[in-house]
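*Asks:* Hey, dropping coords.cif in here, mmCIF, N, CA and C atoms:
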data_run
#
loop_
_atom_site.label_atom_id
_atom_site.label_comp_id
_atom_site.auth_asym_id
_atom_site.auth_seq_id
_atom_site.Cartn_x
_atom_site.Cartn_y
_atom_site.Cartn_z
N MET Q 63 -52.37 -59.32 -19.92
CA MET Q 63 -52.20 -60.71 -19.54
C MET Q 63 -51.08 -60.82 -18.51
N ARG Q 64 -51.26 -61.64 -17.57
CA ARG Q 64 -50.31 -61.80 -16.47
C ARG Q 64 -49.05 -62.54 -16.92
N ASN Q 65 -47.92 -62.05 -16.41
CA ASN Q 65 -46.63 -62.66 -16.70
C ASN Q 65 -46.18 -63.39 -15.44
N ASP Q 66 -46.06 -64.71 -15.50
CA ASP Q 66 -45.75 -65.50 -14.31
C ASP Q 66 -44.26 -65.79 -14.12
N LYS Q 67 -43.39 -65.11 -14.86
CA LYS Q 67 -41.96 -65.34 -14.63
C LYS Q 67 -41.52 -64.65 -13.34
N GLU Q 68 -40.35 -65.02 -12.85
CA GLU Q 68 -39.81 -64.49 -11.60
C GLU Q 68 -39.85 -62.96 -11.61
N ASN Q 69 -40.37 -62.37 -10.54
CA ASN Q 69 -40.50 -60.92 -10.45
C ASN Q 69 -40.00 -60.48 -9.08
N ILE Q 70 -38.91 -59.75 -9.06
CA ILE Q 70 -38.26 -59.36 -7.80
C ILE Q 70 -39.18 -58.56 -6.90
N ILE Q 71 -39.85 -57.55 -7.44
CA ILE Q 71 -40.68 -56.70 -6.57
C ILE Q 71 -41.89 -57.45 -6.03
N VAL Q 72 -42.44 -58.34 -6.82
CA VAL Q 72 -43.56 -59.16 -6.33
C VAL Q 72 -43.08 -60.02 -5.17
N ASN Q 73 -41.93 -60.65 -5.32
CA ASN Q 73 -41.40 -61.51 -4.27
C ASN Q 73 -41.02 -60.73 -3.02
N LYS Q 74 -40.35 -59.58 -3.21
CA LYS Q 74 -39.92 -58.78 -2.05
C LYS Q 74 -41.11 -58.25 -1.27
N THR Q 75 -42.14 -57.80 -1.97
CA THR Q 75 -43.30 -57.26 -1.26
C THR Q 75 -44.12 -58.36 -0.59
N PHE Q 76 -44.12 -59.56 -1.17
CA PHE Q 76 -44.80 -60.68 -0.52
C PHE Q 76 -44.08 -61.04 0.79
N ASP Q 77 -42.75 -61.15 0.71
CA ASP Q 77 -41.96 -61.44 1.92
C ASP Q 77 -42.12 -60.35 2.96
N PHE Q 78 -42.15 -59.10 2.50
CA PHE Q 78 -42.33 -57.99 3.43
C PHE Q 78 -43.70 -58.08 4.11
N ALA Q 79 -44.72 -58.46 3.36
CA ALA Q 79 -46.06 -58.61 3.94
C ALA Q 79 -46.04 -59.64 5.06
N LEU Q 80 -45.37 -60.76 4.81
CA LEU Q 80 -45.28 -61.80 5.85
C LEU Q 80 -44.57 -61.25 7.10
N ASN Q 81 -43.50 -60.50 6.90
CA ASN Q 81 -42.77 -59.92 8.03
C ASN Q 81 -43.58 -58.84 8.74
N SER Q 82 -44.40 -58.11 7.99
CA SER Q 82 -45.28 -57.10 8.60
C SER Q 82 -46.33 -57.77 9.48
N ILE Q 83 -46.85 -58.88 9.01
CA ILE Q 83 -47.82 -59.64 9.81
C ILE Q 83 -47.17 -60.09 11.11
N GLU Q 84 -45.97 -60.61 11.00
CA GLU Q 84 -45.25 -61.07 12.19
C GLU Q 84 -45.02 -59.93 13.18
N PHE Q 85 -44.59 -58.77 12.68
CA PHE Q 85 -44.35 -57.63 13.57
C PHE Q 85 -45.66 -57.14 14.19
N SER Q 86 -46.71 -57.07 13.41
CA SER Q 86 -47.99 -56.59 13.95
C SER Q 86 -48.54 -57.56 15.00
N GLU Q 87 -48.27 -58.85 14.85
CA GLU Q 87 -48.68 -59.82 15.87
C GLU Q 87 -48.04 -59.49 17.22
N GLY Q 88 -46.78 -59.07 17.19
CA GLY Q 88 -46.11 -58.67 18.43
C GLY Q 88 -46.78 -57.46 19.07
N LEU Q 89 -47.28 -56.55 18.26
CA LEU Q 89 -48.00 -55.38 18.80
C LEU Q 89 -49.35 -55.79 19.37
N TYR Q 90 -50.02 -56.74 18.72
CA TYR Q 90 -51.28 -57.24 19.25
C TYR Q 90 -51.08 -57.83 20.65
N LYS Q 91 -49.96 -58.51 20.83
CA LYS Q 91 -49.68 -59.16 22.12
C LYS Q 91 -49.52 -58.16 23.26
N ILE Q 92 -49.12 -56.93 22.94
CA ILE Q 92 -48.99 -55.91 23.99
C ILE Q 92 -50.17 -54.92 23.94
N ASN Q 93 -51.26 -55.36 23.31
CA ASN Q 93 -52.52 -54.62 23.26
C ASN Q 93 -52.44 -53.29 22.52
N LYS Q 94 -51.59 -53.20 21.55
CA LYS Q 94 -51.50 -52.00 20.70
C LYS Q 94 -52.26 -52.30 19.41
N PHE Q 95 -53.56 -52.51 19.56
CA PHE Q 95 -54.39 -53.01 18.48
C PHE Q 95 -54.49 -52.05 17.29
N SER Q 96 -54.68 -50.77 17.55
CA SER Q 96 -54.84 -49.81 16.45
C SER Q 96 -53.58 -49.73 15.60
N LEU Q 97 -52.45 -49.62 16.25
CA LEU Q 97 -51.19 -49.52 15.52
C LEU Q 97 -50.88 -50.84 14.81
N ALA Q 98 -51.13 -51.94 15.47
CA ALA Q 98 -50.90 -53.25 14.84
C ALA Q 98 -51.75 -53.38 13.59
N ASN Q 99 -52.99 -52.93 13.67
CA ASN Q 99 -53.90 -53.01 12.53
C ASN Q 99 -53.41 -52.12 11.38
N GLN Q 100 -52.93 -50.92 11.70
CA GLN Q 100 -52.42 -50.02 10.67
C GLN Q 100 -51.23 -50.65 9.93
N ILE Q 101 -50.30 -51.20 10.69
CA ILE Q 101 -49.11 -51.82 10.09
C ILE Q 101 -49.50 -53.05 9.29
N PHE Q 102 -50.42 -53.83 9.84
CA PHE Q 102 -50.90 -55.02 9.12
C PHE Q 102 -51.49 -54.61 7.77
N LYS Q 103 -52.38 -53.62 7.78
CA LYS Q 103 -53.07 -53.23 6.56
C LYS Q 103 -52.13 -52.60 5.53
N SER Q 104 -51.34 -51.62 5.96
CA SER Q 104 -50.48 -50.94 4.98
C SER Q 104 -49.33 -51.85 4.54
N GLY Q 105 -48.79 -52.64 5.46
CA GLY Q 105 -47.67 -53.52 5.12
C GLY Q 105 -48.03 -54.63 4.15
N THR Q 106 -49.26 -55.12 4.24
CA THR Q 106 -49.69 -56.16 3.31
C THR Q 106 -50.26 -55.56 2.02
N SER Q 107 -50.70 -54.34 2.10
CA SER Q 107 -51.28 -53.67 0.92
C SER Q 107 -50.24 -53.37 -0.15
N ILE Q 108 -48.99 -53.17 0.26
CA ILE Q 108 -47.93 -52.89 -0.72
C ILE Q 108 -47.88 -54.01 -1.75
N GLY Q 109 -47.73 -55.22 -1.28
CA GLY Q 109 -47.65 -56.38 -2.16
C GLY Q 109 -48.93 -56.64 -2.93
N ALA Q 110 -50.07 -56.39 -2.29
CA ALA Q 110 -51.34 -56.61 -2.97
C ALA Q 110 -51.47 -55.66 -4.17
N ASN Q 111 -51.03 -54.43 -4.01
CA ASN Q 111 -51.10 -53.48 -5.11
C ASN Q 111 -50.06 -53.77 -6.19
N VAL Q 112 -48.88 -54.22 -5.79
CA VAL Q 112 -47.87 -54.63 -6.78
C VAL Q 112 -48.39 -55.81 -7.58
N ARG Q 113 -48.99 -56.75 -6.90
CA ARG Q 113 -49.54 -57.93 -7.58
C ARG Q 113 -50.67 -57.53 -8.53
N ASP Q 114 -51.51 -56.60 -8.06
CA ASP Q 114 -52.60 -56.10 -8.90
C ASP Q 114 -52.05 -55.41 -10.15
N ALA Q 115 -50.94 -54.72 -10.00
CA ALA Q 115 -50.33 -54.03 -11.14
C ALA Q 115 -49.88 -55.00 -12.23
N GLN Q 116 -49.60 -56.23 -11.85
CA GLN Q 116 -49.16 -57.23 -12.84
C GLN Q 116 -50.27 -57.55 -13.83
N ASN Q 117 -51.50 -57.22 -13.49
CA ASN Q 117 -52.65 -57.45 -14.37
C ASN Q 117 -53.23 -56.14 -14.89
N ALA Q 118 -52.41 -55.10 -14.93
CA ALA Q 118 -52.89 -53.79 -15.36
C ALA Q 118 -53.43 -53.83 -16.78
N GLU Q 119 -54.41 -52.99 -17.03
CA GLU Q 119 -55.05 -52.94 -18.34
C GLU Q 119 -54.29 -52.05 -19.32
N SER Q 120 -53.44 -51.18 -18.79
CA SER Q 120 -52.66 -50.29 -19.64
C SER Q 120 -51.43 -49.83 -18.87
N LYS Q 121 -50.54 -49.13 -19.57
CA LYS Q 121 -49.35 -48.60 -18.90
C LYS Q 121 -49.75 -47.60 -17.81
N ALA Q 122 -50.72 -46.75 -18.11
CA ALA Q 122 -51.19 -45.77 -17.13
C ALA Q 122 -51.78 -46.47 -15.90
N ASP Q 123 -52.52 -47.53 -16.12
CA ASP Q 123 -53.10 -48.30 -15.02
C ASP Q 123 -51.99 -48.94 -14.19
N PHE Q 124 -50.96 -49.49 -14.86
CA PHE Q 124 -49.82 -50.07 -14.16
C PHE Q 124 -49.13 -49.03 -13.28
N ILE Q 125 -48.83 -47.88 -13.84
CA ILE Q 125 -48.17 -46.81 -13.08
C ILE Q 125 -49.02 -46.40 -11.88
N HIS Q 126 -50.32 -46.25 -12.11
CA HIS Q 126 -51.23 -45.86 -11.03
C HIS Q 126 -51.19 -46.87 -9.87
N LYS Q 127 -51.21 -48.14 -10.20
CA LYS Q 127 -51.22 -49.18 -9.16
C LYS Q 127 -49.88 -49.26 -8.43
N ILE Q 128 -48.79 -49.05 -9.15
CA ILE Q 128 -47.48 -49.02 -8.50
C ILE Q 128 -47.36 -47.79 -7.60
N LYS Q 129 -47.95 -46.67 -8.03
CA LYS Q 129 -47.95 -45.47 -7.19
C LYS Q 129 -48.73 -45.71 -5.89
N ILE Q 130 -49.81 -46.43 -5.97
CA ILE Q 130 -50.58 -46.77 -4.76
C ILE Q 130 -49.71 -47.63 -3.84
N ALA Q 131 -49.00 -48.59 -4.40
CA ALA Q 131 -48.10 -49.42 -3.60
C ALA Q 131 -47.04 -48.55 -2.93
N ALA Q 132 -46.51 -47.57 -3.66
CA ALA Q 132 -45.50 -46.67 -3.09
C ALA Q 132 -46.07 -45.84 -1.94
N LYS Q 133 -47.30 -45.40 -2.09
CA LYS Q 133 -47.95 -44.65 -1.00
C LYS Q 133 -48.15 -45.53 0.24
N GLU Q 134 -48.53 -46.76 0.02
CA GLU Q 134 -48.69 -47.69 1.14
C GLU Q 134 -47.35 -47.96 1.81
N ALA Q 135 -46.29 -48.03 1.02
CA ALA Q 135 -44.94 -48.24 1.57
C ALA Q 135 -44.54 -47.04 2.43
N ASP Q 136 -44.83 -45.83 1.95
CA ASP Q 136 -44.52 -44.63 2.74
C ASP Q 136 -45.30 -44.62 4.04
N GLU Q 137 -46.57 -45.01 3.97
CA GLU Q 137 -47.39 -45.06 5.18
C GLU Q 137 -46.83 -46.10 6.16
N THR Q 138 -46.46 -47.25 5.65
CA THR Q 138 -45.90 -48.29 6.50
C THR Q 138 -44.62 -47.81 7.17
N GLU Q 139 -43.79 -47.12 6.41
CA GLU Q 139 -42.55 -46.57 6.98
C GLU Q 139 -42.86 -45.62 8.13
N TYR Q 140 -43.88 -44.80 7.97
CA TYR Q 140 -44.29 -43.88 9.03
C TYR Q 140 -44.64 -44.63 10.31
N TRP Q 141 -45.48 -45.66 10.19
CA TRP Q 141 -45.91 -46.42 11.37
C TRP Q 141 -44.72 -47.14 12.02
N LEU Q 142 -43.85 -47.69 11.19
CA LEU Q 142 -42.68 -48.40 11.74
C LEU Q 142 -41.72 -47.43 12.44
N LEU Q 143 -41.56 -46.24 11.90
CA LEU Q 143 -40.70 -45.24 12.55
C LEU Q 143 -41.30 -44.78 13.87
N LEU Q 144 -42.62 -44.68 13.93
CA LEU Q 144 -43.27 -44.37 15.21
C LEU Q 144 -42.93 -45.44 16.25
N CYS Q 145 -43.01 -46.68 15.83
CA CYS Q 145 -42.67 -47.79 16.74
C CYS Q 145 -41.21 -47.71 17.16
N LEU Q 146 -40.35 -47.39 16.23
CA LEU Q 146 -38.92 -47.31 16.51
C LEU Q 146 -38.61 -46.21 17.52
N LYS Q 147 -39.28 -45.07 17.41
CA LYS Q 147 -38.97 -43.91 18.24
C LYS Q 147 -39.72 -43.88 19.58
N SER Q 148 -40.81 -44.60 19.67
CA SER Q 148 -41.61 -44.57 20.90
C SER Q 148 -41.08 -45.56 21.93
N PRO Q 149 -40.88 -45.10 23.16
CA PRO Q 149 -40.43 -46.02 24.20
C PRO Q 149 -41.53 -46.98 24.67
N HIS Q 150 -42.75 -46.76 24.21
CA HIS Q 150 -43.89 -47.56 24.67
C HIS Q 150 -44.26 -48.68 23.70
N LEU Q 151 -43.50 -48.79 22.61
CA LEU Q 151 -43.86 -49.76 21.58
C LEU Q 151 -42.69 -50.68 21.27
N ASN Q 152 -43.02 -51.82 20.67
CA ASN Q 152 -41.97 -52.72 20.17
C ASN Q 152 -41.26 -52.05 19.01
N SER Q 153 -39.95 -52.14 18.98
CA SER Q 153 -39.19 -51.59 17.86
C SER Q 153 -39.08 -52.65 16.77
N PRO Q 154 -39.27 -52.22 15.52
CA PRO Q 154 -39.10 -53.18 14.43
C PRO Q 154 -37.62 -53.54 14.28
N GLU Q 155 -37.37 -54.74 13.79
CA GLU Q 155 -36.00 -55.13 13.51
C GLU Q 155 -35.46 -54.25 12.39
N GLU Q 156 -34.17 -54.00 12.43
CA GLU Q 156 -33.54 -53.15 11.42
C GLU Q 156 -33.79 -53.71 10.02
N LYS Q 157 -33.80 -55.03 9.88
CA LYS Q 157 -34.00 -55.65 8.57
C LYS Q 157 -35.37 -55.28 7.98
N LEU Q 158 -36.38 -55.17 8.82
CA LEU Q 158 -37.71 -54.80 8.33
C LEU Q 158 -37.67 -53.42 7.69
N LEU Q 159 -37.02 -52.47 8.37
CA LEU Q 159 -36.91 -51.12 7.83
C LEU Q 159 -36.02 -51.07 6.59
N LEU Q 160 -34.94 -51.83 6.59
CA LEU Q 160 -34.06 -51.86 5.42
C LEU Q 160 -34.76 -52.47 4.21
N ASP Q 161 -35.52 -53.53 4.45
CA ASP Q 161 -36.28 -54.15 3.36
C ASP Q 161 -37.29 -53.16 2.79
N LEU Q 162 -37.94 -52.41 3.67
CA LEU Q 162 -38.93 -51.44 3.22
C LEU Q 162 -38.27 -50.33 2.41
N LYS Q 163 -37.12 -49.84 2.86
CA LYS Q 163 -36.41 -48.80 2.10
C LYS Q 163 -36.03 -49.31 0.71
N GLU Q 164 -35.61 -50.56 0.63
CA GLU Q 164 -35.28 -51.15 -0.67
C GLU Q 164 -36.51 -51.23 -1.56
N ILE Q 165 -37.64 -51.62 -1.00
CA ILE Q 165 -38.89 -51.69 -1.75
C ILE Q 165 -39.28 -50.31 -2.26
N ILE Q 166 -39.16 -49.29 -1.42
CA ILE Q 166 -39.50 -47.93 -1.82
C ILE Q 166 -38.62 -47.48 -2.98
N LEU Q 167 -37.32 -47.79 -2.91
CA LEU Q 167 -36.41 -47.43 -4.01
C LEU Q 167 -36.78 -48.14 -5.31
N ILE Q 168 -37.08 -49.42 -5.20
CA ILE Q 168 -37.46 -50.19 -6.40
C ILE Q 168 -38.76 -49.64 -7.00
N LEU Q 169 -39.74 -49.37 -6.15
CA LEU Q 169 -41.01 -48.83 -6.65
C LEU Q 169 -40.80 -47.48 -7.33
N SER Q 170 -39.97 -46.63 -6.74
CA SER Q 170 -39.67 -45.33 -7.35
C SER Q 170 -39.03 -45.50 -8.72
N LYS Q 171 -38.11 -46.44 -8.81
CA LYS Q 171 -37.44 -46.70 -10.09
C LYS Q 171 -38.42 -47.24 -11.11
N ILE Q 172 -39.30 -48.13 -10.70
CA ILE Q 172 -40.31 -48.67 -11.62
C ILE Q 172 -41.19 -47.54 -12.15
N ILE Q 173 -41.59 -46.64 -11.28
CA ILE Q 173 -42.46 -45.52 -11.69
C ILE Q 173 -41.73 -44.63 -12.68
N SER Q 174 -40.50 -44.25 -12.35
CA SER Q 174 -39.78 -43.33 -13.24
C SER Q 174 -39.45 -43.99 -14.59
N THR Q 175 -39.07 -45.25 -14.56
CA THR Q 175 -38.77 -45.96 -15.80
C THR Q 175 -40.03 -46.16 -16.66
N SER Q 176 -41.13 -46.46 -16.01
CA SER Q 176 -42.38 -46.69 -16.74
C SER Q 176 -42.88 -45.42 -17.41
N LYS Q 177 -42.63 -44.29 -16.78
CA LYS Q 177 -43.07 -43.01 -17.37
C LYS Q 177 -42.25 -42.66 -18.60
N ILE Q 178 -40.99 -43.06 -18.62
CA ILE Q 178 -40.10 -42.75 -19.74
C ILE Q 178 -40.44 -43.56 -20.98
N LYS Q 179 -40.73 -44.85 -20.78
CA LYS Q 179 -40.97 -45.77 -21.90
C LYS Q 179 -42.22 -45.42 -22.67
#
Could you write out this file's structure as structure tokens?
*Replies:*
Amino acid sequence: MRNDKENIIVNKTFDFALNSIEFSEGLYKINKFSLANQIFKSGTSIGANVRDAQNAESKADFIHKIKIAAKEADETEYWLLLCLKSPHLNSPEEKLLLDLKEIILILSKIISTSKIK
């Protein structure tokens, strides 16, 4: 059953998704469609998987869904770092990368804590 009380990771990943959309729109404007699409998909998928985990059928299902969110976060970090290092692309704001690193740390902690319990 879903728990609707305040949830930090749900909120952080939702905000990150909005910021990913904003950043990918900037890439669309300079005709970097493939990369924009990758960032859009992986950046919004993190929160979608975290949200899906809130309705997990079991602890194993919850861990699995959070692990998928963590993989999407790693993929998003890869695409954003490519943008940061390439002279041909828009660089993401430092806050976007810092927010993502925080999300990755939180997801890792959720996974390790969930395995212990």
*Asks:* Please extract the residues of chain Q with a backbone DSSP assignment of alpha helix (DSSP H) and present them as a ChimeraX atom specification.
*Replies:* /Q:70-91,95-115,121-147,156-178
*Asks:* For each of Q:Ala118, Q:Val112, Q:Leu169, Q:Ala98, take the minimum atom-to-atom distance to Pro154 (chain Q), counting only C-alpha atoms, then give the residue where this is smallest.
*Replies:*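 Smallest separation from Pro154 (chain Q) among the options: Q:Ala98.
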*Asks:* Please check which residues have atoms at most 7 Å from (-44.6, -54.6, 10.1) in the file's coordinates, counting only C-alpha atoms, and write them as a ChimeraX atom specification.
*Replies:* /Q:81-86,101-102,105,142
*Asks:* Create the file for the chosen residues now, containing N, CA and C atoms and written as a PDB file, in the coordinates of the input.
*Replies:*
ATOM      1  N   ASN Q  81     -43.500 -60.500   6.900  1.00  0.00           N
ATOM      2  CA  ASN Q  81     -42.770 -59.920   8.030  1.00  0.00           C
ATOM      3  C   ASN Q  81     -43.580 -58.840   8.740  1.00  0.00           C
ATOM      4  N   SER Q  82     -44.400 -58.110   7.990  1.00  0.00           N
ATOM      5  CA  SER Q  82     -45.280 -57.100   8.600  1.00  0.00           C
ATOM      6  C   SER Q  82     -46.330 -57.770   9.480  1.00  0.00           C
ATOM      7  N   ILE Q  83     -46.850 -58.880   9.010  1.00  0.00           N
ATOM      8  CA  ILE Q  83     -47.820 -59.640   9.810  1.00  0.00           C
ATOM      9  C   ILE Q  83     -47.170 -60.090  11.110  1.00  0.00           C
ATOM     10  N   GLU Q  84     -45.970 -60.610  11.000  1.00  0.00           N
ATOM     11  CA  GLU Q  84     -45.250 -61.070  12.190  1.00  0.00           C
ATOM     12  C   GLU Q  84     -45.020 -59.930  13.180  1.00  0.00           C
ATOM     13  N   PHE Q  85     -44.590 -58.770  12.680  1.00  0.00           N
ATOM     14  CA  PHE Q  85     -44.350 -57.630  13.570  1.00  0.00           C
ATOM     15  C   PHE Q  85     -45.660 -57.140  14.190  1.00  0.00           C
ATOM     16  N   SER Q  86     -46.710 -57.070  13.410  1.00  0.00           N
ATOM     17  CA  SER Q  86     -47.990 -56.590  13.950  1.00  0.00           C
ATOM     18  C   SER Q  86     -48.540 -57.560  15.000  1.00  0.00           C
ATOM     19  N   ILE Q 101     -50.300 -51.200  10.690  1.00  0.00           N
ATOM     20  CA  ILE Q 101     -49.110 -51.820  10.090  1.00  0.00           C
ATOM     21  C   ILE Q 101     -49.500 -53.050   9.290  1.00  0.00           C
ATOM     22  N   PHE Q 102     -50.420 -53.830   9.840  1.00  0.00           N
ATOM     23  CA  PHE Q 102     -50.900 -55.020   9.120  1.00  0.00           C
ATOM     24  C   PHE Q 102     -51.490 -54.610   7.770  1.00  0.00           C
ATOM     25  N   GLY Q 105     -48.790 -52.640   5.460  1.00  0.00           N
ATOM     26  CA  GLY Q 105     -47.670 -53.520   5.120  1.00  0.00           C
ATOM     27  C   GLY Q 105     -48.030 -54.630   4.150  1.00  0.00           C
ATOM     28  N   LEU Q 142     -43.850 -47.690  11.190  1.00  0.00           N
ATOM     29  CA  LEU Q 142     -42.680 -48.400  11.740  1.00  0.00           C
ATOM     30  C   LEU Q 142     -41.720 -47.430  12.440  1.00  0.00           C
TER      31      LEU Q 142
END
*Asks:* Written as a ChimeraX atom specification, which residues does the PyMOL selection byres ((chain Q and resi 134) around 8) give for the file shown?
*Replies:* /Q:103-109,128-133,135-140
*Asks:* Using all atoms listed in the file, which of Q:Asp161, Q:Ile168, Q:Pro149, Q:Lys91 sits nearest Ile71 (chain Q)?
*Replies:*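 Closest to Ile71 (chain Q) of all the choices is Q:Ile168.
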*Asks:* Here is a test: counting only C-alpha atoms, which residue of Q:Ile165, Q:Leu151, Q:Leu97, Q:Ala122 is nearest to Ala79 (chain Q)?
*Replies:* Q:Ile165
*Asks:* Looking at Q:Lys67, Q:Phe76, Q:Phe124, Q:Asn152, which one is nearest to Leu89 (chain Q), with distances taken over only C-alpha atoms?
*Replies:*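 Closest candidate: Q:Asn152.
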*Asks:* Could you tell me how far CA of Asn99 (chain Q) lies from CA of Cys145 (chain Q), in Å and to one decimal?
*Replies:* 13.1 Å
*Asks:* Mind listing whatever residues come within 12 Å of the point (-32.9, -50.7, 10.8)? Use only C-alpha atoms, file coordinates, and give them as a list of chain:residue names.
*Replies:*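 The answer, in the requested form, is Q:Glu139, Q:Leu142, Q:Leu143, Q:Cys145, Q:Leu146, Q:Lys147, Q:Ser153, Q:Pro154, Q:Glu155, Q:Glu156, Q:Lys157, Q:Leu158, Q:Leu159, Q:Leu160, Q:Asp161, Q:Leu162, Q:Lys163, Q:Glu164.
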*Asks:* Go through Q:Phe95, Q:Lys177, Q:Asn111, Q:Trp141 one by one, measure the shortest atom-to-atom distance of each to Lys127 (chain Q) using only N, CA and C atoms, and give the residue with the smallest value.
*Replies:*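 Residue with the minimum atom-to-atom distance to Lys127 (chain Q): Q:Asn111.
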*Asks:* How would region 104-120 of chain Q look with N, CA, C and O atoms restored, written as a PDB file, in the frame of the given file?
*Replies:*
ATOM      1  N   SER Q 104     -51.340 -51.620   5.960  1.00  0.00           N
ATOM      2  CA  SER Q 104     -50.480 -50.940   4.980  1.00  0.00           C
ATOM      3  C   SER Q 104     -49.330 -51.850   4.540  1.00  0.00           C
ATOM      4  O   SER Q 104     -48.933 -51.843   3.366  1.00  0.00           O
ATOM      5  N   GLY Q 105     -48.790 -52.640   5.460  1.00  0.00           N
ATOM      6  CA  GLY Q 105     -47.670 -53.520   5.120  1.00  0.00           C
ATOM      7  C   GLY Q 105     -48.030 -54.630   4.150  1.00  0.00           C
ATOM      8  O   GLY Q 105     -47.222 -55.030   3.320  1.00  0.00           O
ATOM      9  N   THR Q 106     -49.260 -55.120   4.240  1.00  0.00           N
ATOM     10  CA  THR Q 106     -49.690 -56.160   3.310  1.00  0.00           C
ATOM     11  C   THR Q 106     -50.260 -55.560   2.020  1.00  0.00           C
ATOM     12  O   THR Q 106     -50.238 -56.216   0.980  1.00  0.00           O
ATOM     13  N   SER Q 107     -50.700 -54.340   2.100  1.00  0.00           N
ATOM     14  CA  SER Q 107     -51.280 -53.670   0.920  1.00  0.00           C
ATOM     15  C   SER Q 107     -50.240 -53.370  -0.150  1.00  0.00           C
ATOM     16  O   SER Q 107     -50.560 -53.339  -1.342  1.00  0.00           O
ATOM     17  N   ILE Q 108     -48.990 -53.170   0.260  1.00  0.00           N
ATOM     18  CA  ILE Q 108     -47.930 -52.890  -0.720  1.00  0.00           C
ATOM     19  C   ILE Q 108     -47.880 -54.010  -1.750  1.00  0.00           C
ATOM     20  O   ILE Q 108     -47.981 -53.775  -2.959  1.00  0.00           O
ATOM     21  N   GLY Q 109     -47.730 -55.220  -1.280  1.00  0.00           N
ATOM     22  CA  GLY Q 109     -47.650 -56.380  -2.160  1.00  0.00           C
ATOM     23  C   GLY Q 109     -48.930 -56.640  -2.930  1.00  0.00           C
ATOM     24  O   GLY Q 109     -48.893 -57.054  -4.092  1.00  0.00           O
ATOM     25  N   ALA Q 110     -50.070 -56.390  -2.290  1.00  0.00           N
ATOM     26  CA  ALA Q 110     -51.340 -56.610  -2.970  1.00  0.00           C
ATOM     27  C   ALA Q 110     -51.470 -55.660  -4.170  1.00  0.00           C
ATOM     28  O   ALA Q 110     -51.925 -56.079  -5.249  1.00  0.00           O
ATOM     29  N   ASN Q 111     -51.030 -54.430  -4.010  1.00  0.00           N
ATOM     30  CA  ASN Q 111     -51.100 -53.480  -5.110  1.00  0.00           C
ATOM     31  C   ASN Q 111     -50.060 -53.770  -6.190  1.00  0.00           C
ATOM     32  O   ASN Q 111     -50.340 -53.616  -7.381  1.00  0.00           O
ATOM     33  N   VAL Q 112     -48.880 -54.220  -5.790  1.00  0.00           N
ATOM     34  CA  VAL Q 112     -47.870 -54.630  -6.780  1.00  0.00           C
ATOM     35  C   VAL Q 112     -48.390 -55.810  -7.580  1.00  0.00           C
ATOM     36  O   VAL Q 112     -48.263 -55.855  -8.807  1.00  0.00           O
ATOM     37  N   ARG Q 113     -48.990 -56.750  -6.900  1.00  0.00           N
ATOM     38  CA  ARG Q 113     -49.540 -57.930  -7.580  1.00  0.00           C
ATOM     39  C   ARG Q 113     -50.670 -57.530  -8.530  1.00  0.00           C
ATOM     40  O   ARG Q 113     -50.766 -58.013  -9.647  1.00  0.00           O
ATOM     41  N   ASP Q 114     -51.510 -56.600  -8.060  1.00  0.00           N
ATOM     42  CA  ASP Q 114     -52.600 -56.100  -8.900  1.00  0.00           C
ATOM     43  C   ASP Q 114     -52.050 -55.410 -10.150  1.00  0.00           C
ATOM     44  O   ASP Q 114     -52.619 -55.543 -11.229  1.00  0.00           O
ATOM     45  N   ALA Q 115     -50.940 -54.720 -10.000  1.00  0.00           N
ATOM     46  CA  ALA Q 115     -50.330 -54.030 -11.140  1.00  0.00           C
ATOM     47  C   ALA Q 115     -49.880 -55.000 -12.230  1.00  0.00           C
ATOM     48  O   ALA Q 115     -49.801 -54.625 -13.399  1.00  0.00           O
ATOM     49  N   GLN Q 116     -49.600 -56.230 -11.850  1.00  0.00           N
ATOM     50  CA  GLN Q 116     -49.160 -57.230 -12.840  1.00  0.00           C
ATOM     51  C   GLN Q 116     -50.270 -57.550 -13.830  1.00  0.00           C
ATOM     52  O   GLN Q 116     -50.008 -58.081 -14.907  1.00  0.00           O
ATOM     53  N   ASN Q 117     -51.500 -57.220 -13.490  1.00  0.00           N
ATOM     54  CA  ASN Q 117     -52.650 -57.450 -14.370  1.00  0.00           C
ATOM     55  C   ASN Q 117     -53.230 -56.140 -14.890  1.00  0.00           C
ATOM     56  O   ASN Q 117     -54.410 -56.070 -15.226  1.00  0.00           O
ATOM     57  N   ALA Q 118     -52.410 -55.100 -14.930  1.00  0.00           N
ATOM     58  CA  ALA Q 118     -52.890 -53.790 -15.360  1.00  0.00           C
ATOM     59  C   ALA Q 118     -53.430 -53.830 -16.780  1.00  0.00           C
ATOM     60  O   ALA Q 118     -52.953 -54.601 -17.628  1.00  0.00           O
ATOM     61  N   GLU Q 119     -54.410 -52.990 -17.030  1.00  0.00           N
ATOM     62  CA  GLU Q 119     -55.050 -52.940 -18.340  1.00  0.00           C
ATOM     63  C   GLU Q 119     -54.290 -52.050 -19.320  1.00  0.00           C
ATOM     64  O   GLU Q 119     -54.494 -52.153 -20.532  1.00  0.00           O
ATOM     65  N   SER Q 120     -53.440 -51.180 -18.790  1.00  0.00           N
ATOM     66  CA  SER Q 120     -52.660 -50.290 -19.640  1.00  0.00           C
ATOM     67  C   SER Q 120     -51.430 -49.830 -18.870  1.00  0.00           C
ATOM     68  O   SER Q 120     -51.304 -50.104 -17.670  1.00  0.00           O
TER      69      SER Q 120
END
